[in-house]
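Undergrad: I'm passing along upload01.txt; it holds compact mmCIF, C-alpha atoms.
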# COMPACT_ATOMS: atom_id res chain seq x y z
CA MET A 85 12.60 21.79 -21.81
CA SER A 86 11.64 20.49 -18.36
CA ASP A 87 9.04 17.94 -19.47
CA TRP A 88 11.43 16.38 -21.93
CA GLN A 89 13.69 14.66 -19.38
CA ASN A 90 11.06 12.22 -18.15
CA ASP A 91 9.20 11.95 -21.40
CA PRO A 92 7.80 8.43 -21.92
CA GLU A 93 8.00 9.11 -25.68
CA ARG A 94 11.75 8.62 -25.37
CA ALA A 95 11.51 5.07 -24.14
CA GLY A 96 13.48 2.77 -26.41
CA ILE A 97 15.02 5.55 -28.50
CA GLU A 98 17.68 6.75 -26.07
CA ASN A 99 20.53 5.34 -28.17
CA ILE A 100 19.10 6.82 -31.36
CA VAL A 101 18.83 10.23 -29.70
CA ARG A 102 22.33 9.97 -28.23
CA SER A 103 23.75 9.33 -31.70
CA LEU A 104 21.81 12.21 -33.23
CA LYS A 105 22.99 14.61 -30.54
CA LYS A 106 26.58 14.59 -31.79
CA PRO A 107 27.51 18.23 -32.50
CA PHE A 108 28.50 19.64 -35.88
CA HIS A 109 30.80 22.48 -36.73
CA LEU A 110 30.79 24.66 -39.80
CA ASP A 111 34.15 25.59 -41.26
CA GLU A 112 35.98 28.66 -40.00
CA THR A 113 35.12 30.74 -43.08
CA PHE A 114 31.40 30.62 -42.29
CA GLU A 115 31.30 33.77 -40.20
CA LEU A 116 33.41 35.63 -42.75
CA ARG A 117 31.09 34.62 -45.57
CA VAL A 118 27.98 35.62 -43.65
CA MET A 119 29.43 38.98 -42.62
CA SER A 120 30.50 39.73 -46.21
CA ALA A 121 26.91 39.14 -47.33
CA VAL A 122 25.61 41.19 -44.41
CA HIS A 123 27.87 44.14 -45.22
CA ALA A 124 26.72 43.95 -48.85
CA GLU A 125 23.11 44.06 -47.60
CA ALA A 126 23.89 47.06 -45.41
CA LEU A 127 25.50 48.91 -48.33
CA ALA A 128 22.57 48.11 -50.60
CA LYS A 129 20.23 49.51 -47.94
CA VAL A 130 22.23 52.74 -47.72
CA ASP A 131 22.02 53.07 -51.53
CA ALA A 132 18.27 52.41 -51.47
CA ASP A 133 17.74 54.99 -48.72
CA HIS A 134 19.79 57.50 -50.69
CA ALA A 135 17.72 56.85 -53.83
CA ALA A 136 14.53 57.25 -51.79
CA ARG A 137 15.74 60.60 -50.45
CA ILE A 138 16.45 61.80 -53.99
CA GLU A 139 13.02 60.62 -55.11
CA ASN A 140 11.39 62.42 -52.19
CA TRP A 141 13.21 65.59 -53.11
CA TRP A 142 12.12 65.27 -56.73
CA THR A 143 8.46 64.58 -55.95
CA LYS A 144 8.17 67.02 -53.05
CA ARG A 145 5.87 69.98 -53.67
CA TYR A 146 7.61 73.34 -53.48
CA THR A 147 5.96 76.77 -53.36
CA LEU A 148 7.84 79.47 -55.23
CA ARG A 149 6.88 83.12 -55.15
CA PHE A 150 7.78 85.44 -58.02
CA THR A 151 7.09 88.99 -58.99
CA ALA A 152 4.98 89.31 -62.17
CA LEU A 153 8.05 90.07 -64.34
CA ALA A 154 10.17 87.25 -62.91
CA GLY A 155 7.23 84.85 -63.36
CA LEU A 156 7.02 85.69 -67.04
CA ALA A 157 10.75 85.07 -67.45
CA VAL A 158 10.57 81.66 -65.70
CA ALA A 159 7.54 80.62 -67.78
CA ALA A 160 9.39 81.54 -70.98
CA SER A 161 12.41 79.48 -69.90
CA ILE A 162 10.26 76.41 -69.17
CA VAL A 163 8.58 76.66 -72.59
CA ALA A 164 12.01 76.87 -74.24
CA VAL A 165 13.30 73.77 -72.39
CA ILE A 166 10.19 71.72 -73.31
CA ALA A 167 10.45 72.74 -76.96
CA LEU A 168 14.13 71.79 -77.09
CA THR A 169 13.51 68.39 -75.46
CA ALA A 170 10.64 67.62 -77.84
CA THR A 171 12.89 68.41 -80.83
CA MET A 172 15.63 66.09 -79.54
CA LEU A 173 13.21 63.24 -78.80
CA SER A 174 11.66 63.43 -82.27
CA ARG A 175 15.12 62.65 -83.72
CA SER A 176 15.66 59.60 -81.47
CA PRO A 177 15.44 56.19 -83.17
CA GLN A 178 12.30 54.23 -82.19
CA SER A 179 13.49 50.86 -83.48
CA VAL A 180 14.59 49.23 -80.22
CA ILE A 181 11.16 48.05 -79.07
CA ARG A 182 10.11 46.85 -82.52
CA GLN A 183 13.35 44.90 -82.87
CA GLN A 184 12.81 43.16 -79.50
CA SER A 185 9.32 42.02 -80.49
CA ALA A 186 10.62 40.63 -83.75
CA VAL A 187 13.21 38.48 -82.00
CA SER A 188 10.53 37.09 -79.75
CA SER A 189 8.20 36.23 -82.64
CA VAL A 190 10.79 34.35 -84.69
CA SER A 191 12.10 32.37 -81.76
CA ALA A 192 11.65 28.61 -82.24
CA VAL A 193 11.65 27.84 -78.52
CA PRO A 194 8.24 28.17 -76.86
CA VAL A 195 8.12 30.75 -74.10
CA VAL A 196 5.96 29.99 -71.08
CA HIS A 197 4.62 32.83 -68.94
CA PHE A 198 4.39 31.92 -65.26
CA VAL A 199 2.08 34.09 -63.20
CA LEU A 200 1.27 34.04 -59.49
CA VAL A 201 -1.09 36.43 -57.70
CA ASN A 202 -0.09 36.93 -54.09
CA ASP A 203 -1.00 39.87 -51.86
CA ASN A 204 1.71 39.40 -49.25
CA ALA A 205 4.76 38.49 -51.28
CA LYS A 206 7.86 40.63 -51.13
CA GLN A 207 9.55 38.48 -53.76
CA VAL A 208 8.53 35.40 -55.72
CA TYR A 209 10.84 32.87 -57.35
CA LEU A 210 10.23 30.12 -59.87
CA VAL A 211 11.90 26.78 -59.30
CA GLY A 212 11.61 23.81 -61.60
CA ASP A 213 13.32 20.91 -63.29
CA PHE A 214 14.17 23.30 -66.17
CA ASN A 215 16.38 25.47 -63.92
CA ASN A 216 17.62 22.59 -61.77
CA TRP A 217 15.37 23.86 -58.95
CA SER A 218 17.43 26.99 -58.53
CA LYS A 219 15.57 30.26 -58.02
CA THR A 220 14.53 32.46 -60.96
CA PRO A 221 13.00 35.72 -59.69
CA LEU A 222 9.58 36.88 -60.91
CA THR A 223 8.79 40.54 -61.58
CA ARG A 224 5.88 42.25 -59.84
CA THR A 225 3.42 43.78 -62.31
CA ALA A 226 2.06 47.26 -61.78
CA SER A 227 -1.34 46.11 -60.54
CA GLN A 228 -3.17 43.29 -58.74
CA ASN A 229 -0.07 42.00 -56.95
CA ALA A 230 0.65 39.65 -59.82
CA TRP A 231 4.14 38.28 -60.28
CA ILE A 232 5.33 37.15 -63.68
CA VAL A 233 8.28 35.62 -65.46
CA SER A 234 8.64 34.28 -68.98
CA VAL A 235 10.85 31.27 -69.51
CA PRO A 236 11.74 29.47 -72.74
CA LEU A 237 11.00 25.76 -72.26
CA SER A 238 11.70 22.72 -74.36
CA SER A 239 8.79 20.51 -75.39
CA GLY A 240 7.59 18.02 -72.83
CA LYS A 241 6.32 17.88 -69.29
CA HIS A 242 7.96 20.11 -66.68
CA GLU A 243 7.58 20.17 -62.93
CA TYR A 244 7.75 23.48 -61.07
CA ALA A 245 6.72 25.47 -58.01
CA PHE A 246 6.93 29.01 -56.66
CA ILE A 247 8.88 30.13 -53.63
CA VAL A 248 7.07 33.02 -52.01
CA ASN A 249 9.08 35.27 -49.76
CA ASP A 250 6.87 37.19 -47.34
CA GLU A 251 7.22 38.62 -43.85
CA THR A 252 7.32 35.18 -42.28
CA GLY A 253 10.05 33.79 -44.56
CA GLU A 254 10.11 31.66 -47.67
CA HIS A 255 7.28 29.28 -48.54
CA TRP A 256 6.99 26.57 -51.13
CA VAL A 257 3.80 27.16 -53.15
CA ALA A 258 2.42 24.97 -55.92
CA ASP A 259 0.75 26.88 -58.75
CA PRO A 260 -2.94 27.02 -57.71
CA LEU A 261 -4.06 27.03 -61.36
CA SER A 262 -2.11 24.00 -62.61
CA THR A 263 -2.17 20.25 -62.29
CA LYS A 264 -0.37 19.22 -59.14
CA VAL A 265 1.90 16.34 -58.33
CA GLN A 266 3.16 15.18 -54.93
CA ASP A 267 6.59 13.95 -53.97
CA GLU A 268 7.09 10.97 -51.68
CA PHE A 269 6.47 13.17 -48.64
CA GLY A 270 3.30 14.82 -49.92
CA THR A 271 4.81 18.19 -50.87
CA GLU A 272 3.04 19.49 -53.95
CA SER A 273 4.49 20.99 -57.07
CA SER A 274 2.86 21.76 -60.42
CA ILE A 275 3.03 20.42 -63.94
CA VAL A 276 3.24 22.38 -67.18
CA ARG A 277 3.16 20.68 -70.57
CA VAL A 278 4.82 22.31 -73.55
CA GLY A 279 4.29 21.33 -77.18
CA PRO A 280 2.31 18.35 -78.48
CA ALA A 281 0.15 16.58 -75.89
CA SER A 282 1.84 13.29 -76.72
CA SER A 283 5.30 14.53 -75.72
CA MET B 254 29.19 48.34 -20.59
CA GLY B 255 31.36 45.24 -21.01
CA PRO B 256 32.70 43.80 -24.22
CA LEU B 257 30.16 43.37 -26.98
CA ALA B 258 30.55 39.58 -26.95
CA ASP B 259 29.34 39.46 -23.31
CA ARG B 260 26.23 41.55 -23.84
CA PRO B 261 22.73 40.08 -24.16
CA ASP B 262 21.10 39.65 -27.56
CA ALA B 263 18.81 42.67 -27.16
CA SER B 264 21.77 44.99 -26.60
CA ILE B 265 23.57 43.69 -29.70
CA VAL B 266 20.42 43.89 -31.81
CA ALA B 267 20.06 47.53 -30.75
CA GLN B 268 23.68 48.18 -31.77
CA VAL B 269 23.12 46.63 -35.20
CA LEU B 270 19.91 48.59 -35.75
CA THR B 271 21.72 51.86 -35.06
CA GLY B 272 24.21 51.09 -37.82
CA ASN B 273 26.94 49.01 -36.17
CA THR B 274 26.86 46.21 -38.73
CA ASP B 275 29.99 44.56 -37.31
CA ALA B 276 28.12 43.87 -34.06
CA TYR B 277 26.01 41.35 -35.98
CA GLY B 278 29.11 39.15 -36.11
CA VAL B 279 28.68 38.53 -32.37
CA LEU B 280 25.21 37.08 -32.98
CA VAL B 281 26.51 34.97 -35.89
CA ASN B 282 29.27 33.63 -33.68
CA ARG B 283 26.87 33.02 -30.80
CA TYR B 284 24.28 31.02 -32.76
CA ARG B 285 26.12 29.40 -35.67
CA ASP B 286 26.95 26.16 -33.89
CA VAL B 287 23.72 26.08 -31.91
CA TYR B 288 21.63 25.58 -35.04
CA THR B 289 24.09 23.65 -37.19
CA ARG B 290 23.16 20.29 -35.73
CA PHE B 291 19.46 20.78 -36.40
CA ALA B 292 20.06 21.95 -39.98
CA ALA B 293 22.57 19.17 -40.72
CA ARG B 294 20.29 16.45 -39.34
CA MET B 295 17.29 17.95 -41.08
CA LEU B 296 18.92 18.29 -44.49
CA GLY B 297 21.20 15.26 -44.23
CA SER B 298 24.29 17.19 -45.28
CA LEU B 299 26.63 19.64 -43.61
CA GLU B 300 27.03 21.45 -46.93
CA ASP B 301 23.28 22.09 -47.16
CA ALA B 302 23.23 23.08 -43.49
CA ASP B 303 25.91 25.68 -44.27
CA ASP B 304 23.73 27.07 -47.09
CA ALA B 305 20.60 27.14 -44.95
CA LEU B 306 22.30 28.88 -42.05
CA GLN B 307 23.98 31.42 -44.27
CA LEU B 308 20.64 32.30 -45.87
CA ALA B 309 19.00 32.42 -42.45
CA PHE B 310 21.57 34.78 -40.94
CA VAL B 311 21.40 37.16 -43.91
CA ARG B 312 17.60 37.09 -43.90
CA ALA B 313 17.57 37.76 -40.16
CA PHE B 314 19.87 40.74 -40.65
CA ARG B 315 17.69 42.11 -43.44
CA ASN B 316 14.56 41.86 -41.29
CA LEU B 317 16.11 42.64 -37.91
CA GLY B 318 13.82 45.65 -37.48
CA GLN B 319 10.87 43.24 -37.45
CA CYS B 320 12.23 41.21 -34.54
CA ARG B 321 9.55 42.25 -32.05
CA ASP B 322 11.30 40.96 -28.96
CA PRO B 323 15.08 41.33 -29.36
CA GLU B 324 15.60 39.48 -26.07
CA LYS B 325 14.28 36.43 -27.89
CA PHE B 326 16.45 36.93 -30.95
CA GLY B 327 17.55 33.27 -30.73
CA SER B 328 13.99 31.93 -31.01
CA TRP B 329 13.20 34.34 -33.80
CA LEU B 330 16.32 33.24 -35.67
CA TYR B 331 15.37 29.60 -35.09
CA GLN B 332 12.06 30.21 -36.90
CA ILE B 333 13.99 31.53 -39.87
CA VAL B 334 16.40 28.57 -39.79
CA VAL B 335 13.49 26.10 -39.71
CA ASN B 336 11.90 27.88 -42.67
CA GLU B 337 15.11 27.89 -44.68
CA CYS B 338 15.55 24.17 -44.02
CA ARG B 339 12.00 23.49 -45.22
CA THR B 340 12.50 25.39 -48.47
CA LEU B 341 15.98 24.10 -49.13
CA GLY B 342 14.90 20.55 -48.33
CA ALA B 343 11.96 20.70 -50.72
CA ARG B 344 14.13 22.04 -53.54
CA ARG B 345 16.85 19.51 -52.92
CA THR B 346 14.42 16.59 -52.84
CA ARG B 347 13.20 17.55 -56.27
CA ARG B 348 16.63 18.31 -57.66
CA GLU B 349 17.90 14.92 -56.72
CA LYS B 350 14.60 13.07 -57.06
CA ARG B 351 15.72 10.86 -54.25
CA LEU B 352 17.19 11.17 -50.81
CA ILE B 353 20.93 11.05 -50.99
CA ARG B 354 22.63 8.94 -48.44
CA ASP B 355 25.10 11.64 -47.61
CA ASP B 356 26.09 10.25 -44.24
CA SER B 357 29.78 10.04 -45.02
CA LYS B 358 29.98 13.83 -45.07
CA ILE B 359 27.98 14.09 -41.90
CA GLU B 360 29.75 11.46 -39.94
CA SER B 361 33.19 12.67 -40.89
CA ALA B 362 32.17 16.12 -39.69
CA ALA B 363 30.67 14.91 -36.45
CA THR B 364 32.78 15.24 -33.39
CA GLY B 365 32.17 12.70 -30.72
CA ASP B 366 33.19 9.53 -29.07
CA PRO B 367 35.54 7.66 -31.46
CA ALA B 368 34.40 4.43 -29.86
CA ASP B 369 30.98 4.98 -31.38
CA ASP B 370 30.04 2.64 -34.15
CA ALA B 371 30.21 4.66 -37.39
CA ALA B 372 28.08 2.12 -39.25
CA LEU B 373 25.39 2.41 -36.61
CA ARG B 374 25.39 6.18 -36.85
CA ASP B 375 25.14 5.77 -40.59
CA GLU B 376 22.04 3.62 -40.19
CA ILE B 377 20.44 6.06 -37.78
CA GLN B 378 20.94 9.07 -40.07
CA HIS B 379 19.64 7.06 -43.00
CA ALA B 380 16.53 6.12 -41.02
CA LEU B 381 16.05 9.78 -40.12
CA ASN B 382 16.30 10.73 -43.81
CA ARG B 383 13.47 8.34 -44.58
CA LEU B 384 11.01 10.23 -42.38
CA ASP B 385 8.53 12.74 -43.73
CA PRO B 386 10.24 16.18 -43.35
CA GLN B 387 7.48 17.39 -41.01
CA GLN B 388 7.96 14.37 -38.76
CA ARG B 389 11.75 14.68 -38.95
CA GLU B 390 11.55 18.36 -38.01
CA ALA B 391 9.29 17.68 -35.02
CA PHE B 392 11.36 14.71 -33.85
CA LEU B 393 14.63 16.66 -34.01
CA LEU B 394 13.28 19.68 -32.19
CA ARG B 395 11.69 17.55 -29.50
CA HIS B 396 14.20 14.82 -28.84
CA VAL B 397 17.52 16.03 -30.19
CA GLU B 398 17.22 19.75 -29.40
CA GLY B 399 15.19 18.99 -26.26
CA MET B 400 12.45 21.56 -26.75
CA GLY B 401 9.08 21.74 -25.04
CA TYR B 402 5.98 21.62 -27.22
CA GLU B 403 5.06 25.26 -26.61
CA GLU B 404 8.44 26.45 -27.82
CA MET B 405 8.23 24.08 -30.78
CA SER B 406 4.82 25.48 -31.66
CA GLU B 407 6.16 29.03 -31.47
CA ILE B 408 9.06 28.21 -33.76
CA THR B 409 7.29 26.02 -36.31
CA GLY B 410 3.90 27.74 -36.38
CA VAL B 411 2.28 24.31 -35.96
CA GLY B 412 -0.28 23.48 -33.24
CA ILE B 413 0.82 21.49 -30.20
CA SER B 414 -1.47 18.49 -30.81
CA ALA B 415 -0.26 18.19 -34.42
CA LEU B 416 3.34 18.36 -33.21
CA LYS B 417 2.73 15.64 -30.64
CA MET B 418 1.26 13.44 -33.33
CA ARG B 419 4.24 14.05 -35.62
CA VAL B 420 6.72 13.23 -32.87
CA LYS B 421 4.80 10.08 -31.97
CA ARG B 422 4.69 8.87 -35.56
CA ALA B 423 8.33 9.75 -36.17
CA THR B 424 9.36 7.84 -33.06
CA GLU B 425 7.33 4.79 -34.05
CA ARG B 426 8.73 4.83 -37.57
CA LEU B 427 12.30 5.23 -36.37
CA ARG B 428 11.87 2.37 -33.95
CA GLY B 429 10.52 0.29 -36.84
CA PHE B 430 13.32 1.24 -39.25
CA LEU B 431 15.98 0.50 -36.64
CA GLU B 432 14.47 -2.59 -35.07
CA GLY B 433 17.23 -5.08 -34.51
CA VAL B 434 19.87 -2.48 -35.42
CA VAL B 435 19.75 -0.26 -32.36
CA THR B 436 19.17 -1.75 -28.95
For this file, write the structure as structure tokens.

TA:
Amino acid sequence: MSDWQNDPERAGIENIVRSLKKPFHLDETFELRVMSAVHAEALAKVDADHAARIENWWTKRYTLRFTALAGLAVAASIVAVIALTATMLSRSPQSVIRQQSAVSSVSAVPVVHFVLVNDNAKQVYLVGDFNNWSKTPLTRTASQNAWIVSVPLSSGKHEYAFIVNDETGEHWVADPLSTKVQDEFGTESSIVRVGPASS
Amino acid sequence: MGPLADRPDASIVAQVLTGNTDAYGVLVNRYRDVYTRFAARMLGSLEDADDALQLAFVRAFRNLGQCRDPEKFGSWLYQIVVNECRTLGARRTRREKRLIRDDSKIESAATGDPADDAALRDEIQHALNRLDPQQREAFLLRHVEGMGYEEMSEITGVGISALKMRVKRATERLRGFLEGVVT
């Protein structure tokens, strides 16, 4: 901060700076609100750690030693459990998935699939004029670090961007594969057109 | 050991990382007002500043284990605040499709000399809102928060020469916007 005091850049703007230096105060509930969110985060982390421990237990490799007779008995029990499960599953209705597809195919509203490939993202959000620039989370696919979300959109031209959350924070990212448009300050977002080209 | 509130950042960070979540409240209390002015000036609204700071504090808590130098928790948090302001500002600009002249909220929340001319302060904030966000950010950090360029570079991730250029342009533009208004 030392070189700032005699900075010639400040010449003629002292009064502007003095005005801008007026302090601000957040309301008294701020700390309470932050700490509520922080405690919720801490609890969620405890739950996640617990789930991870259970998963580790489930996937951990155990070595069991049996006598020949006990081994035969255990093998017979496993076969019985598998057979019972297979019988129960064969009676289960399989209509849920088919029904979901049908709803999607008869829907009159076009659904747009937004995809972003990003190696470093921990979370990706979609923001656009169709969601009032609030954040809709994308889901990470199983491979290639692709993030995807499907959104029903009305016909016309829509402006959007991604918000990529990585180790360094959140970043505004225009879709690299779409037409881009700049705001008055040069920040880029993307354009998607839905329906007839004339709309 | 003295009361938690008197301990340095690194000691409190260590407490939080060992499971004392309540200790984080000391850091929130310590830094909330320090960064409010920057966020409010940057975003042009105390309400948006509240949002940005809340997100920043929660994000900092979530990633506290990645704070490499807990003695510099404040600088690390500042980086997160700057980032939140950038993202929130970009979203808000698009949501509103214009810069809202939200000075009434700001000025009513400002505490200062009552003899100050409210209309003048209104003009100054409006002129600040008209700057490119990158220039506004650099100008605020340099002249209002009084930072050196090295610290600014550390916090913004932008090179020193680029920051100097942004500050210079912001200053020139502000002078131009306020010519004849501010002496």

Undergrad: Give me, as a list in words, the contact residues of chain A against chain B at a cut-off of 7 Å, counting only C-alpha atoms.

TA: Met85, Asp87, Trp88, Ile100, Val101, Ser103, Leu104, Lys105, Lys106, Pro107, Phe108, His109, Leu110, Glu115, Val118, Met119, Ala121, Val122, His123, Asn216, Trp217, Gly253, Glu254, His255, Trp256 and Phe269 of chain A

Undergrad: Neighbouring residues of Phe246 of chain A were defined as those with any atom within 10 Å, considering all atoms listed in the file; residues of the same chain fewer than 4 positions away were excluded. Please report them as a list in words.

TA: Phe198, Val199, Leu200, Val208, Tyr209, Leu210, Val211, Gly212, Lys219, Thr220, Pro221, Leu222, Glu254, His255, Trp256, Val257, Ala258, Asp259, Ser273 and Ser274 of chain A

Undergrad: Residues within 12 Å of Asp259 of chain B, please, as a PyMOL selection string. Count only C-alpha atoms; anything in the same chain fewer than 4 positions from it doesn't count.

TA: chain B and resi 254-255+263-265+276+279-280+282-283

Undergrad: Using atom CA of Thr271 of chain B and atom CA of Thr409 of chain B as the two end points, give the distance in Å to one decimal.

TA: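 For atom CA of Thr271 of chain B relative to atom CA of Thr409 of chain B, the distance reads 29.6 Å.
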
Undergrad: Could you tell me how far atom CA of Arg419 of chain B lies from atom CA of Tyr244 of chain A, in Å and to one decimal?

TA: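 Atom CA of Tyr244 of chain A lies 27.4 Å from atom CA of Arg419 of chain B.
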
Undergrad: Compare B:Pro261, B:Leu270, B:Gly410, B:His379 by their minimum atom-to-atom distance to Thr252 of chain A, counting all atoms listed in the file, and give me the closest one.

TA: B:Gly410

Undergrad: Counting all atoms listed in the file, figure out which residue out of B:Asn382, B:Gly412, B:Tyr284, B:Ala423 gets nearest to Ser328 of chain B.

TA: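 With all atoms listed in the file as the atom set, the closest residue is B:Tyr284.
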
Undergrad: Can you tell me how far atom CA of Phe214 of chain A sits from atom CA of Leu237 of chain A, in Å to one decimal?

TA: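 We find that atom CA of Phe214 of chain A and atom CA of Leu237 of chain A lie 7.3 Å from each other.
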
Undergrad: Output as lines of an AutoDock Vina configuration file the centre and edge lengths (Å, one decimal) of the box along x, y and z of the file that holds every listed atom of segment 330-335 of chain B after adding 8 Å on each side.

TA:
center_x = 14.2
center_y = 29.7
center_z = -37.5
size_x = 20.3
size_y = 23.1
size_z = 20.8
